[in-house]
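To start, the structure under review is shown below, and the notes come after it.
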Amino acid sequence: MSNLTTDGVTSVSFSDFPEDVQLCILSFLTPSEIATFACTSKRFLSLCTSDSKLWFTLCDRRWGSKTQIKKWGSGKITYRLLYRTLIEWENLIGFWRRSGQVTLGVASPPLIFFEWCPSFIIGSRVSPSRLGTYHVIKAPFLCMSITPEGETMNFLDPDGKIEPSDDFVNAVHAGFLESDLIPVHVSFMGKNHVVVEENLSFTSLNSQEPKNTGFRRSSSSSNLRAEDIGVVEDMIGAESGSPGSLPDRFMSEIYQYFANRTSPGGERASRRQRKREKERQGRRKWVPEHFVKIVNCSPTPSRPLQGLWKGISDDKNLYFFLVAYDDIGGIACRTIGDSSKPLSGYSPVFWTSKTTFLEAPFSPEEEYLYDSRIHLRPLAAADHIYGHHPLTENEVVSHILCINSSYDLVIPDLAGTSANPRDVEGRIWLYESGTFGFGFLRNHFIVDLKHIAQHGCLLEAMELCSDLC
């Protein structure tokens, strides 16, 4: 209730606010702070433990604009469970780079993009198109969801043809399509390292045995903040056992054997189970894949060149470029390509240790260097077909930066042979639009770079199709 202070000013306590205002305020607190506040009175304890009120508000404020909170788990799970799951999964959102060798025999794009969907998180392999345009190929291959029973379920399709829809995920939860998918564990090794490995203890969604559906934390996981430990302590207790351990597997097999022998239709169920086991054994084992997060994948006002970019090179093909600033102020650019090809997996492109931009007005020599070069851009015919309007005029340059070529650092035949500085010297032209282009004095073209993604969405993305890649 309101009280008068000694100076005649009316003070308002937290109890005087309407409940919806109280919930809004509490939604900005961490779980440990909410737990402390709940100890102040029985009334606040009831409010803080209300799943449909406070925990829904927490989830809705944090992720309501990114996903459909009420659809997760088919709307049958608690919001407290949803919060403690998404608080860890949200670190996946963004770009990751595969580390190590390719799992399958065919080439696999090293760039991975995780994004929110209505009731799940989807991971897609992202690769440049071969159409001579800025379009990128998006192949969804990993889905992370929660079943109506509250179990986390992660599965992948090696062919990258997962249909990112609620109907598809619900069908998997119901036990359909599982022969085409691989159940996996997604293990967090800190904030910026994830391991995806096959869940060998998984048998069947329709099985009577306890399900181990594929989400766990490693002992070295540190991506939970200290204030969130109170929310997930019950999860840690539930996962104290070793998933897929030898005694558990034997007990499951014994249980399944007697359940099939004593239940109606047990022989048919046993045959189906053996058929699934043969299919699983006949399929090549999924080798664990490691992914490292690309933390700084977008430019900032102080680092305008930073991030992931795409551009068409002199061979008329689209490439991905990663520009990073080091701790001492230098800038380096590398391509992200197929690691199976020499000098293309993570090849240096340019670098500089001097990050001071030249500002307008520019000298006549600098203006000539820019105006005399050809901009490498999409083919007009291909752009017209796919509804992309080609750029017909040069961008307005706001700043210029001097750079050096990195090719002589990685190609032995060029090492120490660049007697003429013009062979390795180049320029970055920063445009007023926020994008930029780069080129070298040894040739006569500019590679114009564009954003791969903005505001959490891939730009100019195309679904995987055999005639596109």
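Naming scheme: A, B, ... for chains in displayed order of the structure tokens; residues 1 onward per chain; ligands 1 onward as shown.
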Discussion item. Need the shell around Thr78 in chain A: protein/DNA/RNA residues with any atom at most 12 Å away, counting only C-alpha atoms. Skip same-chain ones fewer than 3 positions apart. Format as a VMD selection string?
Written reply: chain A and resid 49 to 56 59 69 to 75 81 to 85 146 to 151
Item to complete: Can you pull out every residue within 8 Å of range 320-335 of chain A, counting only C-alpha atoms, but drop anything in the same chain fewer than 2 positions away, and send it as a ChimeraX atom specification?
Response: /A:128,296-297,303,305-311,318,337,344-355
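If you look at CA of Gly437 in chain A and CA of Pro110 in chain A, they are 23.9 Å away from each other.
Every protein or nucleic acid residue with an atom no more than 9 Å from range 356-365 of chain A, counting only C-alpha atoms and leaving out same-chain residues fewer than 3 positions away, appears here: A:Tyr368, A:Leu369, A:Tyr370, A:Val397, A:Ser398, A:His399, A:Ile400, A:Leu401, A:Cys402.
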Worksheet entry | Pick from A:Asp315, A:Glu90, A:Glu115, A:Glu289, whichever lies nearest to Phe445 in chain A using only C-alpha atoms | A:Asp315
Practice prompt. Enumerate, as number ranges by chain, the complete set of residues in range 106-148 of chain A that a backbone-based DSSP assignment places in strand (DSSP E or B).
Written response: A: 111-116, 121-128, 136-146
